[in-house]
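Here is work.cif, consisting of mmCIF, C-alpha atoms and all ligand atoms:
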data_protein
#
loop_
_atom_site.label_atom_id
_atom_site.label_comp_id
_atom_site.auth_asym_id
_atom_site.auth_seq_id
_atom_site.Cartn_x
_atom_site.Cartn_y
_atom_site.Cartn_z
CA MET D 1 99.98 112.12 88.50
CA ILE D 2 102.87 111.92 90.97
CA LYS D 3 105.72 114.21 90.02
CA ARG D 4 109.28 113.04 90.15
CA LEU D 5 111.00 113.83 93.40
CA LYS D 6 113.56 116.57 92.80
CA PHE D 7 117.19 115.62 93.63
CA PHE D 8 116.33 111.92 93.74
CA ASP D 9 117.16 109.19 91.24
CA GLU D 10 114.63 106.39 90.93
CA ILE D 11 115.75 102.77 91.06
CA SER D 12 113.39 99.84 90.53
CA LEU D 13 114.01 96.45 92.06
CA GLY D 14 112.54 93.54 90.16
CA ASN D 15 111.72 89.87 90.52
CA GLU D 16 115.28 88.61 90.83
CA VAL D 17 115.83 90.62 94.02
CA VAL D 18 112.52 89.45 95.46
CA SER D 19 113.18 85.79 94.57
CA GLU D 20 116.56 86.03 96.21
CA LEU D 21 115.04 87.61 99.29
CA ARG D 22 112.47 84.81 99.52
CA SER D 23 115.19 82.18 99.31
CA LEU D 24 116.79 83.53 102.46
CA GLN D 25 115.84 82.56 105.96
CA SER D 26 112.94 84.59 107.31
CA PHE D 27 113.68 87.88 108.92
CA ASN D 28 112.88 87.65 112.59
CA ASP D 29 114.38 90.75 114.11
CA ASN D 30 117.49 88.75 114.84
CA TYR D 31 118.73 90.93 112.07
CA LYS D 32 122.43 90.59 112.72
CA ILE D 33 122.28 87.02 111.39
CA ILE D 34 120.92 87.82 107.94
CA GLN D 35 123.48 90.57 107.48
CA SER D 36 125.94 87.88 106.46
CA TYR D 37 123.72 86.19 103.85
CA ASN D 38 125.12 85.80 100.41
CA ALA D 39 122.72 87.81 98.26
CA PRO D 40 124.34 88.79 94.95
CA HIS D 41 121.29 90.51 93.42
CA ILE D 42 120.75 92.63 96.50
CA ARG D 43 124.48 93.40 96.57
CA ASP D 44 124.35 94.47 92.91
CA ALA D 45 121.39 96.76 93.65
CA ALA D 46 123.38 98.27 96.52
CA ILE D 47 126.36 98.82 94.22
CA SER D 48 124.25 100.73 91.72
CA ILE D 49 122.78 102.83 94.56
CA LYS D 50 126.27 103.61 95.83
CA LYS D 51 127.25 104.63 92.30
CA THR D 52 124.54 107.29 92.41
CA PHE D 53 126.00 108.62 95.63
CA SER D 54 129.53 108.74 94.27
CA ASN D 55 128.42 110.50 91.07
CA SER D 56 126.21 113.15 92.65
CA ASP D 57 124.64 114.35 95.86
CA ASN D 58 121.26 113.07 94.78
CA GLY D 59 119.37 110.69 96.98
CA VAL D 60 117.66 107.57 95.67
CA LEU D 61 114.02 106.55 95.67
CA ILE D 62 113.75 102.76 95.45
CA LYS D 63 110.60 101.17 94.14
CA ILE D 64 109.86 97.48 94.31
CA GLN D 65 107.70 95.98 91.59
CA PRO D 66 106.34 92.79 93.21
CA GLN D 67 104.18 92.92 96.33
CA LEU D 68 106.09 92.04 99.48
CA SER D 69 104.90 91.12 102.94
CA ASN D 70 105.86 93.45 105.80
CA LEU D 71 108.45 90.96 106.95
CA GLU D 72 109.98 90.71 103.48
CA LEU D 73 110.03 94.49 103.12
CA ARG D 74 111.75 94.93 106.46
CA SER D 75 114.32 92.28 105.53
CA LEU D 76 115.00 93.98 102.21
CA VAL D 77 115.47 97.43 103.77
CA TRP D 78 117.94 95.93 106.23
CA LEU D 79 119.85 93.83 103.70
CA LEU D 80 120.14 96.70 101.22
CA SER D 81 121.31 99.00 104.00
CA CYS D 82 123.99 96.57 105.16
CA ASN D 83 125.32 96.38 101.61
CA ILE D 84 125.45 100.17 101.28
CA GLY D 85 127.08 101.17 104.58
CA LYS D 86 127.67 100.32 108.20
CA PRO D 87 124.56 100.51 110.42
CA ILE D 88 124.85 102.89 113.37
CA VAL D 89 123.38 102.34 116.83
CA GLN D 90 120.34 104.59 117.41
CA ASP D 91 119.65 104.36 121.12
CA GLU D 92 121.06 103.36 124.46
CA SER D 93 119.90 99.75 124.05
CA GLY D 94 121.95 99.24 120.88
CA THR D 95 119.13 99.31 118.30
CA GLN D 96 120.27 99.53 114.69
CA ILE D 97 116.82 99.26 113.13
CA MET D 98 114.39 101.89 114.38
CA TYR D 99 110.69 101.76 113.63
CA VAL D 100 108.99 105.10 113.18
CA TYR D 101 105.38 105.10 114.33
CA ASP D 102 103.08 106.94 116.70
CA ARG D 103 103.51 105.36 120.14
CA ASN D 104 100.84 107.49 121.78
CA ARG D 105 98.77 110.37 120.45
CA SER D 106 99.81 112.57 123.37
CA ASN D 107 103.55 112.20 122.67
CA SER D 108 105.22 115.42 121.61
CA ILE D 109 108.73 116.38 120.56
CA PHE D 110 108.15 119.52 122.63
CA ASN D 111 107.82 117.55 125.86
CA GLY D 112 110.68 115.12 125.52
CA ALA D 113 109.63 112.47 122.97
CA ARG D 114 111.86 111.64 120.04
CA TYR D 115 110.48 112.58 116.62
CA HIS D 116 110.07 108.96 115.48
CA GLN D 117 107.74 108.24 118.44
CA THR D 118 105.12 110.85 117.57
CA HIS D 119 102.59 111.67 114.85
CA GLN D 120 103.73 115.28 114.69
CA GLY D 121 104.87 117.05 111.59
CA GLY D 122 107.04 120.10 111.10
CA ALA D 123 110.29 120.72 112.96
CA LEU D 124 112.39 120.01 109.88
CA HIS D 125 115.72 118.61 110.95
CA THR D 126 118.68 116.43 110.24
CA ASP D 127 118.95 113.22 112.21
CA GLN D 128 121.37 113.39 115.00
CA GLY D 129 123.60 111.04 116.82
CA GLY D 130 124.65 107.58 116.75
CA VAL D 131 125.94 106.58 120.16
CA LYS D 132 129.65 106.05 120.01
CA HIS D 133 130.90 103.05 121.90
CA THR D 134 133.62 105.07 123.50
CA LYS D 135 133.79 106.98 126.74
CA ASN D 136 133.47 110.24 124.87
CA VAL D 137 129.79 110.18 123.96
CA ASN D 138 129.87 113.96 123.69
CA ASP D 139 130.89 113.45 120.12
CA PRO D 140 128.08 111.55 118.35
CA GLU D 141 128.92 109.32 115.44
CA PRO D 142 128.10 111.13 112.18
CA ILE D 143 125.27 109.72 110.12
CA ASP D 144 126.31 109.67 106.48
CA PHE D 145 123.13 108.17 105.04
CA LEU D 146 119.58 107.97 106.23
CA VAL D 147 117.43 105.06 105.01
CA LEU D 148 113.65 105.44 105.32
CA GLY D 149 111.47 102.57 104.17
CA CYS D 150 107.67 102.83 104.08
CA ILE D 151 106.26 99.60 105.50
CA GLN D 152 102.70 100.89 105.95
CA GLN D 153 100.93 104.15 105.22
CA GLY D 154 98.77 105.85 107.83
CA LEU D 155 95.15 106.89 107.40
CA ILE D 156 95.97 110.43 106.36
CA GLY D 157 98.99 112.70 106.07
CA GLY D 158 102.59 111.82 106.73
CA GLU D 159 104.11 113.25 103.56
CA THR D 160 107.89 113.18 103.69
CA ILE D 161 109.43 116.66 103.27
CA LEU D 162 112.93 117.12 101.87
CA VAL D 163 114.90 120.35 101.54
CA HIS D 164 118.17 120.20 99.64
CA ALA D 165 121.08 121.94 101.37
CA ASP D 166 122.03 123.90 98.23
CA GLU D 167 118.55 125.37 97.83
CA LEU D 168 118.35 126.24 101.53
CA TYR D 169 121.79 127.87 101.40
CA ARG D 170 120.83 129.83 98.29
CA GLU D 171 117.94 131.38 100.24
CA LEU D 172 120.11 131.95 103.32
CA LEU D 173 122.60 133.95 101.24
CA LYS D 174 119.99 136.73 101.26
CA PHE D 175 120.64 137.02 105.03
CA PRO D 176 124.44 137.11 105.55
CA ILE D 177 124.10 137.79 109.29
CA VAL D 178 122.05 134.58 109.67
CA ILE D 179 124.76 132.59 107.89
CA ASP D 180 127.36 133.96 110.33
CA ILE D 181 125.20 133.02 113.32
CA LEU D 182 124.43 129.52 112.04
CA LYS D 183 128.16 128.87 111.65
CA GLY D 184 128.61 129.52 115.40
CA GLN D 185 128.52 126.94 118.18
CA PHE D 186 125.25 125.67 119.63
CA PHE D 187 124.54 123.09 122.32
CA TRP D 188 122.58 119.94 121.58
CA GLU D 189 121.25 117.13 123.72
CA LEU D 190 121.50 113.50 122.68
CA ARG D 191 117.87 112.74 123.37
CA GLY D 192 117.12 109.05 123.84
CA GLN D 193 120.77 108.15 123.51
CA SER D 194 122.64 109.70 126.39
CA GLN D 195 122.24 112.37 129.08
CA ASN D 196 125.24 114.19 127.63
CA TYR D 197 125.47 117.24 125.42
CA TYR D 198 127.71 118.27 122.61
CA ASP D 199 128.29 121.49 120.77
CA GLY D 200 128.63 122.26 117.10
CA PRO D 201 127.51 124.60 114.33
CA ILE D 202 124.27 124.36 112.38
CA LEU D 203 125.94 125.24 109.10
CA THR D 204 129.36 124.24 107.83
CA ILE D 205 130.88 124.63 104.41
CA GLY D 206 132.87 121.55 103.42
CA ASN D 207 136.24 121.50 101.66
CA ASP D 208 134.25 120.90 98.48
CA GLY D 209 132.47 124.24 99.02
CA LYS D 210 129.13 122.54 99.70
CA PRO D 211 126.91 123.59 102.60
CA ARG D 212 126.08 120.95 105.19
CA PHE D 213 123.50 121.23 107.93
CA ARG D 214 123.00 119.91 111.45
CA TYR D 215 119.69 121.00 112.92
CA ILE D 216 117.02 119.74 115.28
CA ARG D 217 115.69 122.74 117.15
CA PRO D 218 113.66 121.05 119.93
CA TYR D 219 116.78 119.09 121.00
CA MET D 220 118.77 122.33 121.02
CA GLU D 221 116.25 124.29 123.05
CA SER D 222 115.93 121.55 125.66
CA ALA D 223 119.73 121.36 125.89
CA TYR D 224 119.87 125.08 126.73
CA THR D 225 117.07 124.69 129.30
CA ARG D 226 118.76 121.71 130.97
CA LEU D 227 122.13 123.48 130.99
CA GLY D 228 120.60 126.66 132.42
CA LYS D 229 121.85 128.61 129.39
CA LYS D 230 120.00 131.10 127.19
CA ILE D 231 119.89 131.27 123.43
CA LYS D 232 120.67 134.91 122.57
CA PRO D 233 117.79 136.95 121.05
CA LEU D 234 119.69 137.45 117.78
CA GLU D 235 120.36 133.70 117.61
CA THR D 236 116.65 132.99 118.18
CA TRP D 237 115.83 135.36 115.33
CA ALA D 238 118.32 133.55 113.07
CA LEU D 239 116.70 130.21 113.97
CA ASP D 240 113.29 131.68 113.14
CA VAL D 241 114.62 132.79 109.74
CA LEU D 242 115.94 129.27 109.16
CA ASP D 243 112.64 127.66 110.19
CA SER D 244 110.64 130.03 108.00
CA LEU D 245 112.81 129.17 105.01
CA LEU D 246 112.52 125.44 105.76
CA GLU D 247 108.74 125.77 105.72
CA SER D 248 108.74 127.63 102.41
CA SER D 249 107.08 125.86 99.49
CA ILE D 250 109.78 127.35 97.22
CA ILE D 251 112.37 124.89 98.53
CA GLN D 252 110.31 122.07 100.02
CA ASN D 253 109.93 118.86 98.06
CA ARG D 254 107.27 116.49 99.26
CA ILE D 255 106.40 112.89 98.60
CA LEU D 256 103.79 110.61 100.08
CA LEU D 257 105.72 107.37 100.11
CA ASN D 258 103.82 104.27 99.10
CA ARG D 259 104.22 101.00 100.89
CA GLY D 260 107.43 99.39 99.65
CA GLU D 261 109.17 102.62 98.67
CA ILE D 262 112.52 103.42 100.23
CA LEU D 263 114.40 106.73 100.39
CA ILE D 264 118.14 106.89 100.96
CA PHE D 265 119.93 110.22 101.19
CA ARG D 266 122.84 112.04 102.78
CA ASN D 267 121.80 113.26 106.22
CA ASP D 268 123.71 116.56 106.12
CA ARG D 269 122.70 117.44 102.54
CA PHE D 270 118.93 117.12 103.02
CA VAL D 271 117.00 118.65 105.87
CA HIS D 272 113.93 116.47 106.26
CA GLY D 273 110.67 116.12 108.10
CA ARG D 274 107.09 115.19 107.47
CA THR D 275 103.58 116.52 107.66
CA SER D 276 101.44 115.43 110.61
CA PHE D 277 99.66 112.14 110.20
CA THR D 278 96.80 110.33 111.85
CA ASP D 279 96.30 106.59 112.02
CA ASP D 280 92.96 104.86 111.79
CA TRP D 281 90.80 105.15 114.90
CA SER D 282 90.97 101.39 115.27
CA ASP D 283 94.76 101.33 115.34
CA ASN D 284 96.21 98.84 117.75
CA PRO D 285 97.88 100.12 120.88
CA ALA D 286 101.54 100.62 120.23
CA VAL D 287 103.44 97.53 121.32
CA GLU D 288 107.15 98.04 121.43
CA ASN D 289 109.12 95.23 119.79
CA ASN D 290 106.05 93.71 118.21
CA ILE D 291 105.87 95.44 114.88
CA ASP D 292 103.58 92.75 113.46
CA LEU D 293 100.71 94.00 115.66
CA LEU D 294 100.78 97.50 114.21
CA THR D 295 98.54 96.63 111.29
CA ASN D 296 96.69 99.95 111.08
CA LYS D 297 99.53 102.33 111.74
CA ARG D 298 101.84 104.39 109.62
CA LEU D 299 105.04 102.41 109.96
CA PHE D 300 108.45 103.38 108.61
CA GLN D 301 111.76 101.63 109.10
CA ARG D 302 114.76 103.87 109.70
CA ILE D 303 118.41 102.91 109.45
CA TRP D 304 121.42 105.19 109.88
CA LEU D 305 124.54 104.35 107.93
CA SER D 306 128.12 105.44 107.98
CA GLU D 307 129.98 105.12 104.70
CA LYS D 308 132.01 101.95 104.54
FE FE Z 401 114.42 112.44 111.08
#
Output the file's structure as structure tokens, nothing else.
Ligand SMILES: [Fe+2]
Amino acid sequence: MIKRLKFFDEISLGNEVVSELRSLQSFNDNYKIIQSYNAPHIRDAAISIKKTFSNSDNGVLIKIQPQLSNLELRSLVWLLSCNIGKPIVQDESGTQIMYVYDRNRSNSIFNGARYHQTHQGGALHTDQGGVKHTKNVNDPEPIDFLVLGCIQQGLIGGETILVHADELYRELLKFPIVIDILKGQFFWELRGQSQNYYDGPILTIGNDGKPRFRYIRPYMESAYTRLGKKIKPLETWALDVLDSLLESSIIQNRILLNRGEILIFRNDRFVHGRTSFTDDWSDNPAVENNIDLLTNKRLFQRIWLSEK
């Protein structure tokens, strides 16, 4: 029996959405074209999702009743996203739809790969970036919402892990010195997006009194190495406290997403990650830009949104 995912509202999409989707021109990765399609049922679904976000900080877990093909699923994730917010560019080449899958079993976030290119788990984080189309790329575009759609499951593993900012902050309050340190400035690299760096705190408290997090430790540590700077021992200890809390079962919520399930949540109010996964031995070699060939791989679709 799968338990309900804490802090998430469930929304089911039915036949009318799927019929509408099938009446549209096929999705062919020329995704900017279908953004403009008139799709009232999909728009209505997006409105009810946005209502959840305006009423609470909960995320949403979207389930789709009818079976969809991979292409249909990918179209739906994109169309829903475009009706909820404004897609943000995710890399130097201008990609707005990122596919999350293991490119190569030897890839590691600890030797320069981006998280979405590996099969590694752990390293709970918030997503970072969005390349701004201005000269000042030191200031990455904030990601308001993260959309994660499960297109295919892997052979084993790959549970999605979610930690709500309030529960993390509640545990951090037991360590006031850590809170002070996390509110200080840290350097970050914009891995995969730019050679530049930016600085900012891990923890901020908004005008509404709510804690918000920015955290992706491997990108911080490599920024310090590249800059020739050192993270102070007390700061390292504070980061270790944070990591230990993030790995605690007391505050972790986990879900093994099924094919066709989509999570949408506020990036700075949920620290997220996954458990390690392994694809079938017979998985096809990773072929960039040919998602249709990845038939035996865990495949997620990721979109970053700014609020419209
Ligand atoms: Fe992520």
How would you report the residues lying within 12 Å of ligand FE 401 (chain Z), as a PyMOL selection string, if you count only C-alpha atoms and all ligand atoms?
chain D and resi 90+98-100+109+114-118+120-129+143+145-148+160-162+214-216+265-268+270-274+300-304
Who sits within 9 Å of Leu76 (chain D), only C-alpha atoms, same chain under 2 positions skipped, as a ChimeraX atom specification:
/D:17-18,21,42,71-74,78-81
Min atom-atom distance to Val178 (chain D) from the set D:Leu227, D:Val241, D:Leu246, D:Val77, counting only C-alpha atoms, belongs to D:Val241
Would you mind listing what lies within 10 Å of Leu234 (chain D) as an MDAnalysis selection string, with only C-alpha atoms counted and same-chain residues fewer than 4 positions away left out?
chainID D and resid 177:178 181 238:240
If we count only C-alpha atoms, what is near Tyr219 (chain D) at a cut-off of 6 Å, once residues fewer than 2 positions away on the same chain are taken out, given as a PyMOL selection string?
chain D and resi 188-189+216-217+221-222
Show me, as a PyMOL selection string, the residues that have an atom within 7 Å of Ile62 (chain D) when counting all atoms listed in the file, minus same-chain residues fewer than 2 positions from it.
chain D and resi 10-12+60+64+261-263
d(CA of Glu167 (chain D), CA of Asn58 (chain D)) in Å
13.0 Å
How many Å lie between CA of Asn107 (chain D) and CA of Ser75 (chain D), rounded to one decimal?
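So the two atoms, CA of Asn107 (chain D) and CA of Ser75 (chain D), lie 28.4 Å apart.
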For Ala223 (chain D), please output as a ChimeraX atom specification all residues within 12 Å (counting all atoms listed in the file; exclusion window: fewer than 2 positions along the same chain).
/D:112,186-191,195-199,216-221,225-231
